[in-house]
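K.L.:
Provided below: target-v3.cif, containing mmCIF, N, CA, C and O atoms.
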```
data_input
loop_
_atom_site.group_PDB
_atom_site.id
_atom_site.type_symbol
_atom_site.label_atom_id
_atom_site.label_comp_id
_atom_site.auth_asym_id
_atom_site.auth_seq_id
_atom_site.Cartn_x
_atom_site.Cartn_y
_atom_site.Cartn_z
ATOM 1 N N MET A 1 4.499 -22.454 -18.812
ATOM 2 C CA MET A 1 5.636 -22.923 -18.033
ATOM 3 C C MET A 1 6.885 -22.188 -18.493
ATOM 4 O O MET A 1 7.085 -21.962 -19.666
ATOM 5 N N SER A 2 7.703 -21.788 -17.563
ATOM 6 C CA SER A 2 8.904 -21.046 -17.921
ATOM 7 C C SER A 2 10.056 -21.993 -18.217
ATOM 8 O O SER A 2 10.092 -23.126 -17.773
ATOM 9 N N GLU A 3 11.003 -21.470 -18.985
ATOM 10 C CA GLU A 3 12.176 -22.252 -19.345
ATOM 11 C C GLU A 3 13.167 -22.222 -18.190
ATOM 12 O O GLU A 3 13.153 -21.291 -17.385
ATOM 13 N N PRO A 4 14.057 -23.207 -18.122
ATOM 14 C CA PRO A 4 15.077 -23.175 -17.077
ATOM 15 C C PRO A 4 15.895 -21.886 -17.194
ATOM 16 O O PRO A 4 16.133 -21.380 -18.280
ATOM 17 N N ASN A 5 16.310 -21.341 -16.055
ATOM 18 C CA ASN A 5 17.117 -20.125 -15.991
ATOM 19 C C ASN A 5 16.384 -18.879 -16.473
ATOM 20 O O ASN A 5 17.005 -17.873 -16.747
ATOM 21 N N SER A 6 15.072 -18.933 -16.626
ATOM 22 C CA SER A 6 14.331 -17.732 -16.989
ATOM 23 C C SER A 6 13.581 -17.230 -15.760
ATOM 24 O O SER A 6 13.355 -17.966 -14.816
ATOM 25 N N THR A 7 13.223 -15.978 -15.798
ATOM 26 C CA THR A 7 12.508 -15.377 -14.681
ATOM 27 C C THR A 7 11.033 -15.259 -15.033
ATOM 28 O O THR A 7 10.676 -14.644 -16.033
ATOM 29 N N ALA A 8 10.178 -15.841 -14.220
ATOM 30 C CA ALA A 8 8.737 -15.735 -14.413
ATOM 31 C C ALA A 8 8.296 -14.332 -13.992
ATOM 32 O O ALA A 8 9.009 -13.620 -13.291
ATOM 33 N N THR A 9 7.100 -13.944 -14.406
ATOM 34 C CA THR A 9 6.563 -12.634 -14.059
ATOM 35 C C THR A 9 5.130 -12.775 -13.565
ATOM 36 O O THR A 9 4.342 -13.507 -14.153
ATOM 37 N N VAL A 10 4.816 -12.069 -12.486
ATOM 38 C CA VAL A 10 3.453 -11.948 -12.002
ATOM 39 C C VAL A 10 3.115 -10.458 -12.077
ATOM 40 O O VAL A 10 3.833 -9.632 -11.518
ATOM 41 N N ASN A 11 2.055 -10.118 -12.811
ATOM 42 C CA ASN A 11 1.671 -8.730 -13.002
ATOM 43 C C ASN A 11 0.451 -8.381 -12.165
ATOM 44 O O ASN A 11 -0.490 -9.166 -12.073
ATOM 45 N N VAL A 12 0.463 -7.192 -11.586
ATOM 46 C CA VAL A 12 -0.693 -6.642 -10.878
ATOM 47 C C VAL A 12 -1.126 -5.416 -11.677
ATOM 48 O O VAL A 12 -0.331 -4.491 -11.881
ATOM 49 N N GLU A 13 -2.380 -5.450 -12.152
ATOM 50 C CA GLU A 13 -2.881 -4.387 -13.015
ATOM 51 C C GLU A 13 -4.294 -4.003 -12.588
ATOM 52 O O GLU A 13 -5.045 -4.837 -12.098
ATOM 53 N N PRO A 14 -4.681 -2.744 -12.810
ATOM 54 C CA PRO A 14 -6.062 -2.368 -12.495
ATOM 55 C C PRO A 14 -7.029 -3.046 -13.451
ATOM 56 O O PRO A 14 -6.744 -3.208 -14.636
ATOM 57 N N GLY A 15 -8.174 -3.462 -12.924
ATOM 58 C CA GLY A 15 -9.211 -4.068 -13.753
ATOM 59 C C GLY A 15 -10.143 -3.005 -14.304
ATOM 60 O O GLY A 15 -10.001 -1.805 -14.029
ATOM 61 N N ARG A 16 -11.121 -3.425 -15.048
ATOM 62 C CA ARG A 16 -12.058 -2.497 -15.673
ATOM 63 C C ARG A 16 -13.131 -1.999 -14.726
ATOM 64 O O ARG A 16 -13.764 -0.990 -14.979
ATOM 65 N N ARG A 17 -13.367 -2.693 -13.639
ATOM 66 C CA ARG A 17 -14.461 -2.349 -12.727
ATOM 67 C C ARG A 17 -13.959 -1.811 -11.390
ATOM 68 O O ARG A 17 -14.633 -1.939 -10.377
ATOM 69 N N GLY A 18 -12.773 -1.238 -11.371
ATOM 70 C CA GLY A 18 -12.226 -0.704 -10.129
ATOM 71 C C GLY A 18 -11.532 -1.733 -9.264
ATOM 72 O O GLY A 18 -11.073 -1.416 -8.182
ATOM 73 N N ASP A 19 -11.455 -2.968 -9.757
ATOM 74 C CA ASP A 19 -10.755 -4.013 -9.025
ATOM 75 C C ASP A 19 -9.306 -4.073 -9.494
ATOM 76 O O ASP A 19 -8.866 -3.266 -10.298
ATOM 77 N N TRP A 20 -8.565 -5.022 -8.982
ATOM 78 C CA TRP A 20 -7.176 -5.249 -9.374
ATOM 79 C C TRP A 20 -7.051 -6.684 -9.858
ATOM 80 O O TRP A 20 -7.629 -7.584 -9.275
ATOM 81 N N GLN A 21 -6.304 -6.875 -10.923
ATOM 82 C CA GLN A 21 -6.104 -8.189 -11.519
ATOM 83 C C GLN A 21 -4.663 -8.653 -11.292
ATOM 84 O O GLN A 21 -3.728 -7.880 -11.529
ATOM 85 N N VAL A 22 -4.518 -9.886 -10.848
ATOM 86 C CA VAL A 22 -3.202 -10.516 -10.736
ATOM 87 C C VAL A 22 -3.105 -11.472 -11.913
ATOM 88 O O VAL A 22 -3.890 -12.412 -12.025
ATOM 89 N N VAL A 23 -2.145 -11.196 -12.796
ATOM 90 C CA VAL A 23 -2.030 -11.933 -14.054
ATOM 91 C C VAL A 23 -0.687 -12.663 -14.098
ATOM 92 O O VAL A 23 0.364 -12.051 -13.910
ATOM 93 N N VAL A 24 -0.770 -13.964 -14.365
ATOM 94 C CA VAL A 24 0.428 -14.770 -14.574
ATOM 95 C C VAL A 24 0.404 -15.219 -16.031
ATOM 96 O O VAL A 24 -0.489 -15.982 -16.420
ATOM 97 N N PRO A 25 1.332 -14.704 -16.856
ATOM 98 C CA PRO A 25 1.335 -15.119 -18.260
ATOM 99 C C PRO A 25 1.378 -16.640 -18.389
ATOM 100 O O PRO A 25 2.112 -17.315 -17.686
ATOM 101 N N GLY A 26 0.519 -17.159 -19.257
ATOM 102 C CA GLY A 26 0.452 -18.599 -19.466
ATOM 103 C C GLY A 26 -0.557 -19.289 -18.571
ATOM 104 O O GLY A 26 -0.835 -20.468 -18.755
ATOM 105 N N GLU A 27 -1.107 -18.600 -17.589
ATOM 106 C CA GLU A 27 -2.133 -19.167 -16.717
ATOM 107 C C GLU A 27 -3.505 -18.928 -17.338
ATOM 108 O O GLU A 27 -3.682 -18.044 -18.163
ATOM 109 N N ALA A 28 -4.488 -19.686 -16.913
ATOM 110 C CA ALA A 28 -5.821 -19.655 -17.517
ATOM 111 C C ALA A 28 -6.533 -18.319 -17.350
ATOM 112 O O ALA A 28 -6.988 -17.740 -18.314
ATOM 113 N N ALA A 29 -6.654 -17.823 -16.141
ATOM 114 C CA ALA A 29 -7.440 -16.612 -15.916
ATOM 115 C C ALA A 29 -6.788 -15.775 -14.819
ATOM 116 O O ALA A 29 -6.167 -16.309 -13.900
ATOM 117 N N PRO A 30 -6.942 -14.458 -14.898
ATOM 118 C CA PRO A 30 -6.400 -13.611 -13.833
ATOM 119 C C PRO A 30 -7.195 -13.768 -12.541
ATOM 120 O O PRO A 30 -8.356 -14.174 -12.562
ATOM 121 N N VAL A 31 -6.556 -13.439 -11.433
ATOM 122 C CA VAL A 31 -7.211 -13.444 -10.136
ATOM 123 C C VAL A 31 -7.666 -12.012 -9.871
ATOM 124 O O VAL A 31 -6.873 -11.077 -9.946
ATOM 125 N N SER A 32 -8.937 -11.845 -9.561
ATOM 126 C CA SER A 32 -9.497 -10.525 -9.297
ATOM 127 C C SER A 32 -9.505 -10.251 -7.795
ATOM 128 O O SER A 32 -9.902 -11.102 -7.009
ATOM 129 N N CYS A 33 -9.066 -9.045 -7.408
ATOM 130 C CA CYS A 33 -9.023 -8.645 -6.007
ATOM 131 C C CYS A 33 -9.667 -7.277 -5.860
ATOM 132 O O CYS A 33 -9.579 -6.444 -6.760
ATOM 133 N N GLN A 34 -10.275 -7.020 -4.709
ATOM 134 C CA GLN A 34 -10.947 -5.741 -4.484
ATOM 135 C C GLN A 34 -9.987 -4.596 -4.216
ATOM 136 O O GLN A 34 -10.268 -3.460 -4.570
ATOM 137 N N THR A 35 -8.858 -4.878 -3.575
ATOM 138 C CA THR A 35 -7.919 -3.811 -3.231
ATOM 139 C C THR A 35 -6.531 -4.114 -3.777
ATOM 140 O O THR A 35 -6.183 -5.269 -4.050
ATOM 141 N N LEU A 36 -5.732 -3.072 -3.897
ATOM 142 C CA LEU A 36 -4.352 -3.245 -4.329
ATOM 143 C C LEU A 36 -3.579 -4.073 -3.309
ATOM 144 O O LEU A 36 -2.765 -4.921 -3.686
ATOM 145 N N ASP A 37 -3.819 -3.854 -2.030
ATOM 146 C CA ASP A 37 -3.132 -4.645 -1.002
ATOM 147 C C ASP A 37 -3.420 -6.134 -1.149
ATOM 148 O O ASP A 37 -2.508 -6.964 -1.050
ATOM 149 N N ASP A 38 -4.679 -6.478 -1.398
ATOM 150 C CA ASP A 38 -5.034 -7.881 -1.612
ATOM 151 C C ASP A 38 -4.342 -8.437 -2.850
ATOM 152 O O ASP A 38 -3.842 -9.565 -2.844
ATOM 153 N N ALA A 39 -4.313 -7.652 -3.915
ATOM 154 C CA ALA A 39 -3.685 -8.100 -5.156
ATOM 155 C C ALA A 39 -2.188 -8.318 -4.968
ATOM 156 O O ALA A 39 -1.625 -9.293 -5.477
ATOM 157 N N GLN A 40 -1.542 -7.429 -4.234
ATOM 158 C CA GLN A 40 -0.109 -7.611 -3.973
ATOM 159 C C GLN A 40 0.134 -8.864 -3.145
ATOM 160 O O GLN A 40 1.078 -9.607 -3.414
ATOM 161 N N TRP A 41 -0.700 -9.118 -2.154
ATOM 162 C CA TRP A 41 -0.556 -10.314 -1.325
ATOM 163 C C TRP A 41 -0.664 -11.575 -2.188
ATOM 164 O O TRP A 41 0.162 -12.480 -2.081
ATOM 165 N N VAL A 42 -1.667 -11.624 -3.069
ATOM 166 C CA VAL A 42 -1.841 -12.767 -3.967
ATOM 167 C C VAL A 42 -0.644 -12.884 -4.908
ATOM 168 O O VAL A 42 -0.129 -13.980 -5.149
ATOM 169 N N ALA A 43 -0.182 -11.763 -5.441
ATOM 170 C CA ALA A 43 0.959 -11.782 -6.371
ATOM 171 C C ALA A 43 2.205 -12.366 -5.720
ATOM 172 O O ALA A 43 2.910 -13.187 -6.319
ATOM 173 N N TYR A 44 2.481 -11.970 -4.480
ATOM 174 C CA TYR A 44 3.663 -12.498 -3.799
ATOM 175 C C TYR A 44 3.507 -13.981 -3.458
ATOM 176 O O TYR A 44 4.487 -14.730 -3.493
ATOM 177 N N LEU A 45 2.299 -14.421 -3.154
ATOM 178 C CA LEU A 45 2.067 -15.852 -2.943
ATOM 179 C C LEU A 45 2.341 -16.639 -4.223
ATOM 180 O O LEU A 45 2.984 -17.694 -4.202
ATOM 181 N N LEU A 46 1.838 -16.132 -5.352
ATOM 182 C CA LEU A 46 2.069 -16.810 -6.627
ATOM 183 C C LEU A 46 3.544 -16.770 -7.018
ATOM 184 O O LEU A 46 4.079 -17.736 -7.556
ATOM 185 N N ALA A 47 4.205 -15.669 -6.745
ATOM 186 C CA ALA A 47 5.625 -15.535 -7.086
ATOM 187 C C ALA A 47 6.488 -16.494 -6.273
ATOM 188 O O ALA A 47 7.490 -17.012 -6.770
ATOM 189 N N ALA A 48 6.097 -16.749 -5.037
ATOM 190 C CA ALA A 48 6.882 -17.640 -4.176
ATOM 191 C C ALA A 48 6.976 -19.046 -4.758
ATOM 192 O O ALA A 48 7.962 -19.754 -4.533
ATOM 193 N N ASP A 49 5.964 -19.459 -5.527
ATOM 194 C CA ASP A 49 5.959 -20.786 -6.148
ATOM 195 C C ASP A 49 6.697 -20.826 -7.470
ATOM 196 O O ASP A 49 6.814 -21.887 -8.077
ATOM 197 N N ARG A 50 7.173 -19.685 -7.957
ATOM 198 C CA ARG A 50 7.776 -19.607 -9.290
ATOM 199 C C ARG A 50 9.163 -18.983 -9.253
ATOM 200 O O ARG A 50 9.563 -18.294 -10.169
ATOM 201 N N GLN A 51 9.911 -19.179 -8.212
ATOM 202 C CA GLN A 51 11.202 -18.512 -8.068
ATOM 203 C C GLN A 51 12.211 -18.990 -9.085
ATOM 204 O O GLN A 51 12.253 -20.182 -9.361
ATOM 205 N N PRO A 52 13.022 -18.125 -9.669
ATOM 206 C CA PRO A 52 12.977 -16.676 -9.507
ATOM 207 C C PRO A 52 11.776 -16.092 -10.256
ATOM 208 O O PRO A 52 11.384 -16.584 -11.307
ATOM 209 N N CYS A 53 11.190 -15.057 -9.674
ATOM 210 C CA CYS A 53 9.994 -14.451 -10.251
ATOM 211 C C CYS A 53 10.007 -12.954 -10.004
ATOM 212 O O CYS A 53 10.406 -12.494 -8.930
ATOM 213 N N GLN A 54 9.550 -12.225 -10.973
ATOM 214 C CA GLN A 54 9.448 -10.780 -10.869
ATOM 215 C C GLN A 54 7.984 -10.402 -10.651
ATOM 216 O O GLN A 54 7.113 -10.881 -11.362
ATOM 217 N N VAL A 55 7.708 -9.555 -9.653
ATOM 218 C CA VAL A 55 6.369 -9.021 -9.426
ATOM 219 C C VAL A 55 6.374 -7.586 -9.945
ATOM 220 O O VAL A 55 7.201 -6.774 -9.516
ATOM 221 N N VAL A 56 5.466 -7.287 -10.885
ATOM 222 C CA VAL A 56 5.394 -5.960 -11.484
ATOM 223 C C VAL A 56 4.001 -5.388 -11.222
ATOM 224 O O VAL A 56 3.000 -6.016 -11.547
ATOM 225 N N ILE A 57 3.969 -4.197 -10.646
ATOM 226 C CA ILE A 57 2.701 -3.524 -10.348
ATOM 227 C C ILE A 57 2.588 -2.315 -11.277
ATOM 228 O O ILE A 57 3.489 -1.473 -11.324
ATOM 229 N N ARG A 58 1.461 -2.249 -12.011
ATOM 230 C CA ARG A 58 1.251 -1.168 -12.984
ATOM 231 C C ARG A 58 -0.018 -0.394 -12.655
ATOM 232 O O ARG A 58 -0.953 -0.927 -12.079
ATOM 233 N N ASP A 59 -0.043 0.880 -13.092
ATOM 234 C CA ASP A 59 -1.248 1.681 -12.932
ATOM 235 C C ASP A 59 -2.106 1.589 -14.192
ATOM 236 O O ASP A 59 -1.777 0.828 -15.118
ATOM 237 N N ALA A 60 -3.175 2.348 -14.232
ATOM 238 C CA ALA A 60 -4.110 2.291 -15.366
ATOM 239 C C ALA A 60 -3.477 2.744 -16.684
ATOM 240 O O ALA A 60 -3.987 2.427 -17.755
ATOM 241 N N TYR A 61 -2.375 3.490 -16.599
ATOM 242 C CA TYR A 61 -1.680 3.957 -17.803
ATOM 243 C C TYR A 61 -0.491 3.070 -18.150
ATOM 244 O O TYR A 61 0.356 3.447 -18.940
ATOM 245 N N HIS A 62 -0.408 1.909 -17.520
ATOM 246 C CA HIS A 62 0.638 0.902 -17.737
ATOM 247 C C HIS A 62 2.019 1.348 -17.261
ATOM 248 O O HIS A 62 3.024 0.760 -17.641
ATOM 249 N N ARG A 63 2.050 2.388 -16.422
ATOM 250 C CA ARG A 63 3.328 2.791 -15.831
ATOM 251 C C ARG A 63 3.654 1.837 -14.692
ATOM 252 O O ARG A 63 2.764 1.391 -13.967
ATOM 253 N N VAL A 64 4.926 1.541 -14.518
ATOM 254 C CA VAL A 64 5.351 0.629 -13.457
ATOM 255 C C VAL A 64 5.403 1.403 -12.144
ATOM 256 O O VAL A 64 6.121 2.399 -12.023
ATOM 257 N N LEU A 65 4.602 0.946 -11.190
ATOM 258 C CA LEU A 65 4.570 1.557 -9.855
ATOM 259 C C LEU A 65 5.545 0.870 -8.905
ATOM 260 O O LEU A 65 6.017 1.467 -7.952
ATOM 261 N N GLY A 66 5.803 -0.391 -9.153
ATOM 262 C CA GLY A 66 6.707 -1.150 -8.316
ATOM 263 C C GLY A 66 7.154 -2.424 -8.998
ATOM 264 O O GLY A 66 6.454 -2.956 -9.855
ATOM 265 N N ARG A 67 8.343 -2.863 -8.628
ATOM 266 C CA ARG A 67 8.896 -4.084 -9.210
ATOM 267 C C ARG A 67 9.789 -4.737 -8.168
ATOM 268 O O ARG A 67 10.616 -4.078 -7.558
ATOM 269 N N ASP A 68 9.594 -6.023 -7.959
ATOM 270 C CA ASP A 68 10.421 -6.792 -7.017
ATOM 271 C C ASP A 68 10.828 -8.101 -7.675
ATOM 272 O O ASP A 68 10.044 -8.719 -8.388
ATOM 273 N N LEU A 69 12.044 -8.520 -7.377
ATOM 274 C CA LEU A 69 12.514 -9.832 -7.816
ATOM 275 C C LEU A 69 12.506 -10.750 -6.614
ATOM 276 O O LEU A 69 13.120 -10.448 -5.578
ATOM 277 N N ILE A 70 11.776 -11.857 -6.731
ATOM 278 C CA ILE A 70 11.695 -12.850 -5.662
ATOM 279 C C ILE A 70 12.588 -14.020 -6.062
ATOM 280 O O ILE A 70 12.362 -14.637 -7.102
ATOM 281 N N ALA A 71 13.598 -14.267 -5.268
ATOM 282 C CA ALA A 71 14.531 -15.348 -5.574
ATOM 283 C C ALA A 71 14.917 -16.062 -4.282
ATOM 284 O O ALA A 71 14.927 -15.468 -3.204
ATOM 285 N N ALA A 72 15.231 -17.326 -4.422
ATOM 286 C CA ALA A 72 15.611 -18.123 -3.263
ATOM 287 C C ALA A 72 16.959 -17.715 -2.733
ATOM 288 O O ALA A 72 17.778 -17.169 -3.336
#
```
Step by step, read the file and then write its structure as structure tokens.
P.N.:
Amino acid sequence: MSEPNSTATVNVEPGRRGDWQVVVPGEAAPVSCQTLDDAQWVAYLLAADRQPCQVVIRDAYHRVLGRDLIAA
């Protein structure tokens, strides 16, 4: 659970088997998706419930490919 006035983060990262993982720090398990588009869709759905929230998309080398701040 995030503290008041803090920004939550939802991460989209490549998985080990060619899939994509949507990871919310502090949550039980990542959500596995077959495509990057699916993973981004799930990430934005999860971010909508945690506003303000940052969605960060990384490649296999942990470089940031995209970042969005979702706020009301």
K.L.:
Could you tell me, as a list in words, exactly which residues end up selected when the PyMOL selection byres ((chain A and resi 56) around 4.5) is applied to this structure?
P.N.:
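Evaluating the PyMOL selection byres ((chain A and resi 56) around 4.5) on these coordinates yields Val10, Asn11, Val12, Gln54, Val55, Ile57, Arg58 and Gly66 of chain A.
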K.L.:
What gap, in Å, lies between atom O of Ala72 (chain A) and atom N of Thr35 (chain A)?
P.N.:
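Separation between atom O of Ala72 (chain A) and atom N of Thr35 (chain A): 29.3 Å.
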K.L.:
Please indicate the distance in Å from atom C of Gln51 (chain A) to CA of Ser6 (chain A), rounded to one decimal place.
P.N.:
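Computing it gives 8.3 Å between the two atoms.
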K.L.:
Run the PyMOL selection byres (((chain A and resi 59 and name CA) around 10) and name CA) mentally over the shown coordinates, then write out the matched residues as a list in words, using the chain letters and numbers from the document.
P.N.:
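For this structure, the PyMOL selection byres (((chain A and resi 59 and name CA) around 10) and name CA) resolves to Val12, Glu13, Pro14, Gly15, Trp20, Ile57, Arg58, Ala60, Tyr61, His62, Arg63, Val64, Leu65 and Gly66 of chain A.
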K.L.:
Select from chain A everything DSSP, run on the backbone, classes as strand (DSSP E), then give the selection as a ChimeraX atom specification.
P.N.:
/A:8-14,20-23,31-33,53-58,64-70
K.L.:
Calculate how many Å separate CA of Thr9 (chain A) from atom C of Cys33 (chain A), rounding to one decimal.
P.N.:
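Spanning CA of Thr9 (chain A) to atom C of Cys33 (chain A) is a straight-line distance of 19.0 Å.
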K.L.:
With a distance cut-off of 8 Å and only N, CA, C and O atoms, select the neighbouring residues of Ala71 (chain A), excluding the residue or stretch itself and same-chain residues fewer than 6 positions from it, and output the selection as a PyMOL selection string.
P.N.:
chain A and resi 47-48+50-54
K.L.:
Please produce a file of those selected residues containing N, CA, C and O atoms, as a compact mmCIF listing (two decimals), in the coordinates of the input.
P.N.:
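Written file, again-v7.txt:
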```txt
# COMPACT_ATOMS: atom_id res chain seq x y z
N ALA A 47 4.20 -15.67 -6.74
CA ALA A 47 5.62 -15.54 -7.09
C ALA A 47 6.49 -16.49 -6.27
O ALA A 47 7.49 -17.01 -6.77
N ALA A 48 6.10 -16.75 -5.04
CA ALA A 48 6.88 -17.64 -4.18
C ALA A 48 6.98 -19.05 -4.76
O ALA A 48 7.96 -19.75 -4.53
N ARG A 50 7.17 -19.68 -7.96
CA ARG A 50 7.78 -19.61 -9.29
C ARG A 50 9.16 -18.98 -9.25
O ARG A 50 9.56 -18.29 -10.17
N GLN A 51 9.91 -19.18 -8.21
CA GLN A 51 11.20 -18.51 -8.07
C GLN A 51 12.21 -18.99 -9.09
O GLN A 51 12.25 -20.18 -9.36
N PRO A 52 13.02 -18.12 -9.67
CA PRO A 52 12.98 -16.68 -9.51
C PRO A 52 11.78 -16.09 -10.26
O PRO A 52 11.38 -16.58 -11.31
N CYS A 53 11.19 -15.06 -9.67
CA CYS A 53 9.99 -14.45 -10.25
C CYS A 53 10.01 -12.95 -10.00
O CYS A 53 10.41 -12.49 -8.93
N GLN A 54 9.55 -12.22 -10.97
CA GLN A 54 9.45 -10.78 -10.87
C GLN A 54 7.98 -10.40 -10.65
O GLN A 54 7.11 -10.88 -11.36
```
K.L.:
List the residues selected by the PyMOL selection byres ((chain A and resi 34) around 8) in the file shown, writing them as a PyMOL selection string.
P.N.:
chain A and resi 17-21+31-33+35-39
K.L.:
Just give me the residues with any atom within 6 Å of (3.6, -16.2, -15.3), file coordinates, counting only N, CA, C and O atoms, written as a list in words.
P.N.:
Ala8, Thr9, Val10, Val23, Val24, Pro25, Gly26 and Glu27 of chain A
K.L.:
Taking the backbone alone, and naming residues the way the document does, which bits of chain A are helix (DSSP H, G or I) by DSSP, as an NGL selection string?
P.N.:
:A and (36-48)
K.L.:
Of the candidates A:Thr7, A:Tyr44, A:Asp49, A:Arg67, which one gets nearest to Val22 (chain A) if we count only C-alpha atoms?
P.N.:
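So, comparing all the options, the nearest one is A:Tyr44.
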